[in-house]
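input17.txt (compact mmCIF, C-alpha atoms)
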# COMPACT_ATOMS: atom_id res chain seq x y z
CA MET W 1 228.20 -1.01 -146.49
CA LEU W 2 230.89 1.31 -145.16
CA THR W 3 231.57 1.13 -141.43
CA ILE W 4 233.59 3.84 -139.70
CA GLY W 5 235.13 2.81 -136.43
CA LYS W 6 236.66 4.91 -133.66
CA ARG W 7 240.18 6.14 -134.03
CA ASP W 8 242.76 5.86 -131.24
CA ALA W 9 245.62 8.22 -130.49
CA SER W 10 247.80 6.62 -133.14
CA GLY W 11 245.20 7.18 -135.81
CA ARG W 12 244.37 3.50 -136.30
CA THR W 13 240.78 2.46 -136.76
CA ALA W 14 239.52 0.18 -134.01
CA SER W 15 236.21 -1.37 -133.14
CA GLU W 16 235.84 -1.81 -129.40
CA ALA W 17 233.41 -4.68 -129.88
CA ASP W 18 235.96 -6.68 -131.86
CA HIS W 19 238.96 -5.77 -129.73
CA GLN W 20 238.00 -6.53 -126.18
CA PRO W 21 240.76 -6.30 -123.58
CA ARG W 22 242.54 -9.57 -123.01
CA VAL W 23 245.48 -10.78 -120.97
CA ALA W 24 247.53 -13.87 -121.69
CA VAL W 25 249.35 -15.32 -118.69
CA GLY W 26 252.42 -17.53 -118.78
CA GLU W 27 254.94 -18.79 -116.25
CA GLU W 28 258.57 -19.68 -116.73
CA SER W 29 261.55 -19.94 -114.33
CA GLY W 30 260.02 -17.85 -111.56
CA VAL W 31 258.82 -15.19 -113.96
CA LEU W 32 255.11 -14.50 -114.40
CA GLY W 33 254.46 -12.99 -117.81
CA CYS W 34 251.30 -11.11 -118.76
CA ALA W 35 250.64 -9.97 -122.32
CA PHE W 36 247.92 -7.37 -122.67
CA SER W 37 246.00 -6.76 -125.88
CA GLY W 38 242.88 -5.02 -127.15
CA ILE W 39 241.26 -1.77 -126.10
CA TRP W 40 241.64 -0.79 -122.41
CA THR W 41 239.19 2.05 -121.89
CA THR W 42 236.45 2.95 -119.47
CA ARG W 43 233.87 1.10 -121.56
CA THR W 44 235.83 -2.16 -121.78
CA VAL W 45 237.92 -2.62 -118.62
CA ALA W 46 234.98 -4.09 -116.71
CA LEU W 47 235.28 -7.17 -118.97
CA ILE W 48 238.82 -7.87 -117.79
CA ASP W 49 238.58 -6.78 -114.16
CA ALA W 50 237.83 -10.27 -112.80
CA ASP W 51 240.79 -11.78 -114.66
CA MET W 52 243.10 -9.07 -113.35
CA ARG W 53 242.00 -9.75 -109.77
CA LYS W 54 242.76 -13.43 -110.21
CA ILE W 55 246.28 -12.56 -111.37
CA GLU W 56 246.75 -10.24 -108.36
CA LYS W 57 246.11 -13.19 -106.02
CA ARG W 58 248.84 -15.34 -107.56
CA SER W 59 252.11 -15.67 -105.67
CA GLY W 60 255.40 -17.53 -105.67
CA PHE W 61 257.16 -15.40 -108.30
CA LYS W 62 260.19 -13.16 -108.15
CA THR W 63 259.51 -11.20 -111.32
CA LEU W 64 256.38 -9.91 -113.04
CA ALA W 65 256.83 -9.10 -116.72
CA LEU W 66 254.10 -7.05 -118.37
CA ASP W 67 253.92 -6.78 -122.15
CA LEU W 68 251.86 -3.78 -123.23
CA SER W 69 252.84 -3.78 -126.91
CA LYS W 70 249.51 -5.20 -128.14
CA ILE W 71 247.33 -2.62 -126.37
CA GLU W 72 245.54 -0.73 -129.11
CA LYS W 73 243.97 1.96 -127.00
CA ILE W 74 244.18 2.91 -123.33
CA ASP W 75 242.75 5.61 -121.09
CA THR W 76 242.92 6.43 -117.38
CA ALA W 77 240.66 3.53 -116.38
CA GLY W 78 242.84 1.00 -118.20
CA ALA W 79 246.01 2.52 -116.79
CA TRP W 80 244.58 2.37 -113.28
CA LEU W 81 243.72 -1.32 -113.73
CA ILE W 82 247.28 -2.14 -114.77
CA ASP W 83 248.75 0.05 -112.01
CA ARG W 84 246.60 -1.79 -109.47
CA LEU W 85 248.21 -5.05 -110.62
CA VAL W 86 251.67 -3.51 -110.38
CA SER W 87 250.99 -2.18 -106.87
CA ALA W 88 249.67 -5.56 -105.68
CA PHE W 89 252.89 -7.33 -106.70
CA GLU W 90 255.16 -4.53 -105.45
CA LYS W 91 253.64 -5.06 -102.00
CA LYS W 92 254.71 -8.70 -102.29
CA ASN W 93 258.32 -7.55 -103.06
CA VAL W 94 258.04 -8.84 -106.63
CA GLU W 95 260.12 -7.11 -109.29
CA VAL W 96 257.89 -5.61 -111.99
CA GLN W 97 259.08 -5.08 -115.56
CA LEU W 98 257.05 -3.14 -118.14
CA GLN W 99 257.72 -3.75 -121.80
CA GLY W 100 256.42 -2.41 -125.10
CA GLN W 101 254.28 0.40 -123.73
CA SER W 102 253.49 3.26 -126.11
CA GLU W 103 254.28 6.86 -125.27
CA ILE W 104 250.62 7.55 -124.36
CA ALA W 105 250.45 4.46 -122.18
CA ALA W 106 253.69 5.41 -120.39
CA ILE W 107 252.37 8.90 -119.63
CA LEU W 108 249.07 7.55 -118.33
CA LEU W 109 250.72 4.89 -116.19
CA ASP W 110 253.08 7.45 -114.63
CA ALA W 111 250.26 9.90 -113.92
CA VAL W 112 247.96 7.26 -112.45
CA GLY W 113 250.77 5.73 -110.40
CA GLU W 114 251.71 9.14 -108.99
CA ALA W 115 248.09 9.89 -108.08
CA VAL W 116 247.63 6.51 -106.40
CA ARG W 117 250.85 6.93 -104.39
CA ARG W 118 249.55 10.25 -103.08
CA GLU W 119 246.44 8.61 -101.58
CA PRO W 120 247.88 8.31 -98.04
CA GLU W 121 248.36 12.10 -97.99
CA SER W 122 244.67 12.59 -98.70
CA ARG W 123 243.50 10.53 -95.75
CA PRO W 124 241.11 12.23 -93.31
CA ALA W 125 242.90 14.65 -91.08
CA ARG W 126 243.32 13.84 -87.43
CA PRO W 127 240.46 15.05 -85.24
CA PRO W 128 241.13 18.46 -83.70
CA ASN W 129 242.07 18.75 -80.06
CA ILE W 130 239.54 19.26 -77.29
CA VAL W 131 239.86 23.07 -77.31
CA ILE W 132 239.04 23.27 -81.02
CA ARG W 133 236.16 20.84 -80.59
CA ALA W 134 234.78 22.90 -77.69
CA LEU W 135 235.00 26.11 -79.71
CA GLU W 136 233.35 24.35 -82.65
CA ALA W 137 230.49 23.21 -80.42
CA VAL W 138 230.03 26.76 -79.11
CA GLY W 139 230.00 28.10 -82.65
CA ARG W 140 227.40 25.57 -83.74
CA ARG W 141 225.19 26.45 -80.76
CA VAL W 142 225.47 30.16 -81.59
CA TYR W 143 224.36 29.49 -85.16
CA GLU W 144 221.49 27.30 -83.91
CA MET W 145 220.39 30.10 -81.58
CA ARG W 146 220.49 32.54 -84.48
CA ASP W 147 218.41 30.17 -86.63
CA ASP W 148 215.91 29.64 -83.79
CA PHE W 149 215.60 33.41 -83.28
CA LEU W 150 214.95 34.00 -86.97
CA ALA W 151 212.42 31.15 -87.03
CA SER W 152 210.68 32.60 -83.96
CA MET W 153 210.41 36.02 -85.60
CA ASN W 154 209.04 34.32 -88.71
CA ILE W 155 206.44 32.50 -86.62
CA LEU W 156 205.36 35.70 -84.87
CA GLY W 157 205.14 37.63 -88.13
CA ALA W 158 203.32 34.84 -89.91
CA THR W 159 200.92 34.50 -86.99
CA ILE W 160 199.88 38.14 -87.22
CA ARG W 161 199.76 38.01 -91.02
CA GLY W 162 197.79 34.79 -90.95
CA ALA W 163 195.12 36.29 -88.72
CA GLN W 164 194.89 39.37 -90.93
CA MET W 165 194.53 37.25 -94.04
CA LYS W 166 191.66 35.33 -92.51
CA LEU W 167 189.96 38.56 -91.51
CA GLY W 168 190.64 40.14 -94.90
CA ARG W 169 188.95 37.26 -96.69
CA GLY W 170 185.81 37.81 -94.68
CA HIS W 171 186.43 34.93 -92.30
CA ALA W 172 186.60 35.94 -88.66
CA VAL W 173 189.14 34.34 -86.38
CA ASN W 174 187.61 31.11 -85.23
CA PRO W 175 186.77 31.70 -81.54
CA ALA W 176 185.86 28.05 -81.09
CA ALA W 177 189.46 27.02 -81.78
CA ILE W 178 190.77 29.62 -79.31
CA PHE W 179 188.33 28.62 -76.56
CA ASN W 180 189.10 24.98 -77.18
CA GLN W 181 192.80 25.68 -76.65
CA ILE W 182 192.06 27.78 -73.55
CA ASP W 183 190.08 24.85 -72.16
CA ARG W 184 192.93 22.42 -72.83
CA MET W 185 195.85 24.65 -71.79
CA GLY W 186 194.18 26.72 -69.07
CA VAL W 187 191.26 24.92 -67.47
CA GLY W 188 192.89 21.53 -67.77
CA ALA W 189 196.04 22.81 -66.03
CA ILE W 190 194.28 24.29 -62.99
CA PRO W 191 194.53 21.20 -60.73
CA VAL W 192 198.26 20.70 -61.18
CA VAL W 193 198.98 24.44 -60.95
CA VAL W 194 196.98 24.77 -57.72
CA LEU W 195 198.59 21.72 -56.15
CA MET W 196 202.18 22.62 -57.06
CA SER W 197 201.77 26.30 -56.13
CA ALA W 198 200.24 25.45 -52.76
CA ILE W 199 203.13 23.11 -52.00
CA VAL W 200 205.74 25.68 -53.06
CA GLY W 201 204.01 28.40 -50.99
CA ALA W 202 203.95 26.14 -47.94
CA ILE W 203 207.63 25.26 -48.35
CA VAL W 204 208.64 28.91 -48.70
CA ALA W 205 206.63 29.81 -45.60
CA GLN W 206 208.04 26.95 -43.54
CA GLN W 207 211.65 27.61 -44.52
CA GLY W 208 211.24 31.37 -44.05
CA ALA W 209 209.68 30.93 -40.60
CA TYR W 210 212.44 28.50 -39.62
CA GLN W 211 215.20 30.94 -40.52
CA LEU W 212 213.47 34.06 -39.18
CA SER W 213 212.74 32.36 -35.85
CA TYR W 214 216.46 32.71 -34.97
CA PHE W 215 215.98 36.49 -34.99
CA GLY W 216 212.55 36.50 -33.35
CA ALA W 217 211.03 37.88 -36.54
CA ASP W 218 208.58 35.13 -37.41
CA ILE W 219 205.89 37.59 -38.47
CA PHE W 220 208.06 38.79 -41.34
CA VAL W 221 207.50 35.46 -43.03
CA VAL W 222 204.31 37.05 -44.35
CA ASP W 223 206.35 39.74 -46.13
CA LEU W 224 208.69 37.07 -47.49
CA VAL W 225 205.91 34.85 -48.79
CA GLY W 226 203.83 37.71 -50.18
CA VAL W 227 206.58 39.48 -52.09
CA LEU W 228 208.35 36.34 -53.27
CA ILE W 229 205.19 34.63 -54.50
CA LEU W 230 203.54 37.62 -56.12
CA ARG W 231 206.63 39.06 -57.80
CA GLU W 232 208.58 35.97 -58.77
CA LEU W 233 207.58 32.44 -57.87
CA GLY W 234 203.90 32.57 -58.80
CA VAL W 235 204.40 33.49 -62.45
CA LEU W 236 207.71 31.65 -62.81
CA MET W 237 206.43 28.33 -61.47
CA THR W 238 203.28 28.63 -63.55
CA ALA W 239 205.26 29.37 -66.71
CA ILE W 240 207.55 26.40 -66.09
CA MET W 241 204.59 24.07 -65.56
CA ILE W 242 202.86 25.38 -68.69
CA ALA W 243 206.08 24.98 -70.69
CA GLY W 244 206.28 21.34 -69.63
CA ARG W 245 202.59 20.61 -70.07
CA SER W 246 201.21 22.80 -72.86
CA GLY W 247 204.46 23.66 -74.67
CA SER W 248 205.30 20.01 -75.16
CA ALA W 249 201.72 19.35 -76.29
CA ILE W 250 201.93 22.12 -78.92
CA THR W 251 205.20 20.73 -80.27
CA ALA W 252 203.85 17.19 -80.35
CA GLU W 253 200.61 18.21 -82.09
CA ILE W 254 202.23 20.37 -84.77
CA GLY W 255 205.09 17.89 -85.19
CA SER W 256 202.69 14.98 -85.66
CA MET W 257 200.74 16.94 -88.27
CA LYS W 258 203.99 17.75 -90.04
CA MET W 259 205.00 14.07 -90.00
CA ARG W 260 201.65 13.12 -91.57
CA GLU W 261 202.07 15.92 -94.15
CA GLU W 262 198.88 17.58 -92.93
CA VAL W 263 200.73 20.90 -92.81
CA ASP W 264 201.49 20.57 -96.52
CA ALA W 265 197.85 19.67 -97.12
CA LEU W 266 196.78 22.96 -95.51
CA LYS W 267 199.04 24.84 -97.91
CA VAL W 268 197.60 22.95 -100.86
CA ILE W 269 194.03 23.96 -100.01
CA GLY W 270 195.11 27.61 -99.63
CA LEU W 271 195.29 27.98 -95.84
CA ASN W 272 198.15 29.50 -93.89
CA PRO W 273 199.35 26.75 -91.49
CA ILE W 274 200.76 29.34 -89.10
CA GLY W 275 197.48 31.21 -88.95
CA VAL W 276 195.43 28.04 -88.57
CA LEU W 277 197.63 26.04 -86.19
CA VAL W 278 199.82 28.51 -84.29
CA PHE W 279 197.60 31.56 -83.96
CA PRO W 280 194.83 29.97 -81.81
CA ARG W 281 197.40 28.34 -79.55
CA LEU W 282 199.37 31.56 -79.02
CA VAL W 283 196.24 33.57 -78.27
CA ALA W 284 195.03 30.89 -75.88
CA LEU W 285 198.35 30.83 -74.04
CA VAL W 286 198.46 34.63 -73.73
CA ILE W 287 195.00 34.55 -72.14
CA ALA W 288 195.44 31.41 -70.05
CA LEU W 289 198.86 32.04 -68.48
CA PRO W 290 197.96 35.30 -66.66
CA CYS W 291 194.74 33.68 -65.42
CA LEU W 292 196.66 30.65 -64.19
CA THR W 293 199.20 32.97 -62.55
CA ILE W 294 196.43 34.63 -60.53
CA ILE W 295 195.14 31.21 -59.48
CA ALA W 296 198.68 30.07 -58.64
CA ASN W 297 199.23 33.18 -56.51
CA PHE W 298 196.09 32.48 -54.47
CA ALA W 299 197.03 28.81 -54.10
CA ALA W 300 200.60 29.62 -53.02
CA LEU W 301 199.38 32.21 -50.50
CA GLY W 302 196.92 29.63 -49.21
CA GLY W 303 199.72 27.15 -48.75
CA GLY W 304 201.80 29.83 -47.03
CA ILE W 305 198.94 30.75 -44.68
CA LEU W 306 198.45 27.10 -43.72
CA ALA W 307 202.18 26.50 -43.16
CA ALA W 308 202.57 29.70 -41.12
CA TRP W 309 199.57 28.75 -38.99
CA LEU W 310 200.77 25.21 -38.30
CA TYR W 311 204.50 25.94 -37.95
CA SER W 312 204.66 29.45 -36.45
CA ASP W 313 201.22 29.78 -34.88
CA ILE W 314 200.39 32.77 -37.06
CA PRO W 315 196.59 32.69 -37.49
CA PRO W 316 195.15 33.28 -40.97
CA ALA W 317 193.55 36.56 -39.94
CA ALA W 318 196.90 37.92 -38.71
CA PHE W 319 198.60 36.65 -41.84
CA ILE W 320 196.11 38.47 -44.10
CA ASP W 321 196.33 41.68 -42.06
CA ARG W 322 200.10 41.65 -42.30
CA LEU W 323 199.91 40.81 -46.01
CA ARG W 324 197.89 43.98 -46.68
CA VAL W 325 200.74 46.01 -45.22
CA ALA W 326 203.54 44.07 -46.90
CA ILE W 327 202.34 44.23 -50.49
CA ASP W 328 200.82 46.80 -52.79
CA LEU W 329 199.50 46.88 -56.34
CA SER W 330 202.98 47.19 -57.82
CA THR W 331 203.93 43.89 -56.18
CA ILE W 332 200.91 42.18 -57.76
CA PHE W 333 201.34 43.67 -61.21
CA ALA W 334 205.11 43.09 -61.22
CA GLY W 335 204.40 39.39 -61.57
CA LEU W 336 201.34 39.57 -63.79
CA ILE W 337 203.04 41.81 -66.38
CA LYS W 338 205.53 39.05 -67.11
CA ALA W 339 202.90 36.41 -67.81
CA PRO W 340 201.90 37.40 -71.41
CA PHE W 341 205.55 37.68 -72.47
CA MET W 342 206.33 34.26 -71.04
CA ALA W 343 203.25 32.87 -72.80
CA MET W 344 204.45 34.25 -76.14
CA ILE W 345 207.90 32.75 -75.61
CA ILE W 346 206.54 29.32 -74.68
CA GLY W 347 204.10 29.24 -77.60
CA THR W 348 206.62 30.51 -80.15
CA ILE W 349 209.40 28.12 -79.14
CA ALA W 350 206.96 25.20 -79.06
CA SER W 351 205.67 26.08 -82.54
CA VAL W 352 209.17 26.50 -83.96
CA GLU W 353 210.24 23.12 -82.63
CA GLY W 354 207.04 21.55 -83.96
CA MET W 355 207.71 22.92 -87.43
CA LYS W 356 211.26 21.51 -87.31
CA VAL W 357 210.10 17.92 -86.75
CA GLY W 358 211.26 15.52 -89.44
CA GLY W 359 209.67 12.33 -90.64
CA SER W 360 210.48 10.02 -87.72
CA ALA W 361 209.21 9.45 -84.20
CA GLU W 362 212.77 9.96 -82.93
CA SER W 363 212.81 13.47 -84.39
CA LEU W 364 209.46 14.19 -82.73
CA GLY W 365 210.79 13.13 -79.32
CA GLN W 366 213.95 15.18 -79.72
CA HIS W 367 212.08 18.35 -80.62
CA VAL W 368 209.53 17.91 -77.82
CA THR W 369 212.41 17.66 -75.35
CA ALA W 370 214.16 20.65 -76.94
CA SER W 371 210.94 22.65 -76.77
CA VAL W 372 210.58 22.14 -73.01
CA VAL W 373 214.25 22.78 -72.23
CA LYS W 374 214.50 25.91 -74.37
CA SER W 375 211.20 27.31 -73.10
CA ILE W 376 212.19 26.91 -69.45
CA PHE W 377 215.65 28.34 -70.09
CA VAL W 378 214.37 31.41 -71.94
CA VAL W 379 211.58 31.98 -69.41
CA ILE W 380 214.10 32.05 -66.56
CA ILE W 381 216.34 34.40 -68.53
CA LEU W 382 213.34 36.68 -69.19
CA ASP W 383 212.43 36.65 -65.50
CA GLY W 384 215.96 37.77 -64.65
CA LEU W 385 215.79 40.57 -67.21
CA PHE W 386 212.48 41.75 -65.76
CA ALA W 387 213.99 41.73 -62.27
CA MET W 388 216.86 43.94 -63.41
CA PHE W 389 214.45 46.23 -65.26
CA TYR W 390 212.19 46.60 -62.22
CA ALA W 391 215.20 47.37 -60.05
CA ALA W 392 216.39 49.98 -62.53
CA ILE W 393 213.04 51.81 -62.54
CA ALA W 394 212.40 51.19 -58.80
CA PHE W 395 209.16 49.35 -59.56
Let's see the structure in the file written out as structure tokens.
Amino acid sequence: MLTIGKRDASGRTASEADHQPRVAVGEESGVLGCAFSGIWTTRTVALIDADMRKIEKRSGFKTLALDLSKIEKIDTAGAWLIDRLVSAFEKKNVEVQLQGQSEIAAILLDAVGEAVRREPESRPARPPNIVIRALEAVGRRVYEMRDDFLASMNILGATIRGAQMKLGRGHAVNPAAIFNQIDRMGVGAIPVVVLMSAIVGAIVAQQGAYQLSYFGADIFVVDLVGVLILRELGVLMTAIMIAGRSGSAITAEIGSMKMREEVDALKVIGLNPIGVLVFPRLVALVIALPCLTIIANFAALGGGILAAWLYSDIPPAAFIDRLRVAIDLSTIFAGLIKAPFMAMIIGTIASVEGMKVGGSAESLGQHVTASVVKSIFVVIILDGLFAMFYAAIAF
């Protein structure tokens, strides 16, 4: 039977199985001699690695003599193994002598040695200064805001498309799901909204009466409470409470379903997760938030009437008569117009954060927190934009 072995660079036939890498070690007069033989390639060097490490740990010599004349074949891996031995003894201030290396082995050893010596230059760069780090953080936040904006637009578009798909297939939008969400987000929030709004209205009335009393204009506290509550605080406080209560609930619900892969299951059975999960919640918020704003306005005015009566002796009848003069329909609608927009923002941000939840409880907590913070921030920004717009059109 004819067997053809592999050929090395010199053209000799060699069988790697019969020519494993070996090293013979000898010691004489302070000189440690190592004679290498066999094939030193990627496939074989693992067999000799342990022996080479044992040699690297030896000490007490002034000279290391390496005989490479019996190496039949060598590649980069073998050259690196030998260079590692050389480097270990050079660090111990031992003189290293190479003997009998072939031309190919010499080239490989020089190339590997040069690459290894360049390693310190490739170390991780020093961290940038605080200015660069601050600019980097700003840049990352800008990109995150861009990604969140695109995701929000995707959610809004998919919500509308999801509802149309359900209608197009002959299935009406499920009103039970919408009413269920209205009950949870709207009816369930009435007690806390009434309580907080009444307290805020009473505080505004008390502080306004206290400051206006210096000018003998206590009665104008009615104007202050009426305009401030109906135009700004009523809808803003309600939106902030809904962002903390219902927005966080939306993120937690959608995020939990995403963690349990229920969102993927909806896709598998042919349903649009946005249309099924997000659409009812957005519709419910758009309906519930204006209704809660109206309730919050009445509660805040009630708190203001009570505070003005107890603190400034303004009877409720006088308060209501003055309120009729101080406000008009534009004052009422200036606040109510903002409510649906704030509801859309809260629902969209909560849904986006819910869809971004990963597979851990830590990720769920982070995105619930981010949902509340972002919703409140954007709602306040929107309120400021509405205020500037109303001022521009004298509304």
**OP:** Grab the atom CA of Leu236 of chain W to atom CA of Ile305 of chain W distance for me, in Å with one decimal place.
**Re:**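 Result for atom CA of Leu236 of chain W versus atom CA of Ile305 of chain W: 20.2 Å, one decimal.
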Original post:
Expressed in Å to a single decimal, how great is the separation between atom CA of Lys258 of chain W and atom CA of Lys356 of chain W?
Top reply: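 About the pair atom CA of Lys258 of chain W and atom CA of Lys356 of chain W: they are 8.6 Å apart.
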Original post:
Which of these residues is nearest to Val116 of chain W, using all atoms listed in the file: W:Leu224, W:Met259, W:Leu81, W:Ile274?
Top reply: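 Of W:Leu224, W:Met259, W:Leu81, W:Ile274, the one nearest Val116 of chain W, counting all atoms listed in the file, is W:Leu81.
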Original post:
atom CA of Ser256 of chain W and atom CA of Cys291 of chain W are how many Å apart?
Top reply: 28.7 Å
**OP:** Would you please work out which residue, of W:Ile82, W:Val373, W:Val45, W:Leu66, is nearest to Val25 of chain W when using all atoms listed in the file?
**Re:**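 Result for the nearest residue to Val25 of chain W: W:Leu66.
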**OP:** Excluding segment 184-197 of chain W and residues on its chain fewer than 3 positions from it, collect all residues at most 10 Å away from it, counting all atoms listed in the file, and give them as a PyMOL selection string.
**Re:** chain W and resi 178-181+200-203+229+233-235+237-239+241-242+245-247+249-250+281+284-285+287-293+295-304
Could you give me, as a PDB file with C-alpha atoms, in the frame of the given file, the residues within 8 Å of segment 49-61 of chain W, counting only C-alpha atoms and dropping anything in the same chain fewer than 3 positions from it?
ATOM      1  CA  VAL W  23     245.480 -10.780-120.970  1.00  0.00           C
ATOM      2  CA  GLY W  30     260.020 -17.850-111.560  1.00  0.00           C
ATOM      3  CA  VAL W  31     258.820 -15.190-113.960  1.00  0.00           C
ATOM      4  CA  LEU W  32     255.110 -14.500-114.400  1.00  0.00           C
ATOM      5  CA  VAL W  45     237.920  -2.620-118.620  1.00  0.00           C
ATOM      6  CA  ALA W  46     234.980  -4.090-116.710  1.00  0.00           C
ATOM      7  CA  LEU W  64     256.380  -9.910-113.040  1.00  0.00           C
ATOM      8  CA  LEU W  81     243.720  -1.320-113.730  1.00  0.00           C
ATOM      9  CA  LEU W  85     248.210  -5.050-110.620  1.00  0.00           C
ATOM     10  CA  ALA W  88     249.670  -5.560-105.680  1.00  0.00           C
ATOM     11  CA  PHE W  89     252.890  -7.330-106.700  1.00  0.00           C
ATOM     12  CA  VAL W  94     258.040  -8.840-106.630  1.00  0.00           C
TER      13      VAL W  94
END
**OP:** For segment 107-112 of chain W, list every protein, DNA or RNA residue within 10 Å, evaluated using only C-alpha atoms, and leave out those in the same chain fewer than 6 positions away; present the list as a ChimeraX atom specification.
**Re:** /W:74-84,101,118
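Residues with any atom within 10 Å of segment 381-390 of chain W, counting only C-alpha atoms and excluding same-chain neighbours fewer than 5 positions away, are Arg231, Glu232, Leu233, Val235, Leu236, Ala334, Gly335, Ile337, Lys338, Ala339, Phe341, Met342, Ile345, Ser375, Ile376 and Phe395 of chain W.
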**OP:** Rank nothing, just name the residue among W:Val325, W:Val286, W:Arg260, W:Ala391 nearest to Ala361 of chain W, using all atoms listed in the file.
**Re:**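 Of the candidates, the smallest distance to Ala361 of chain W is held by W:Arg260.
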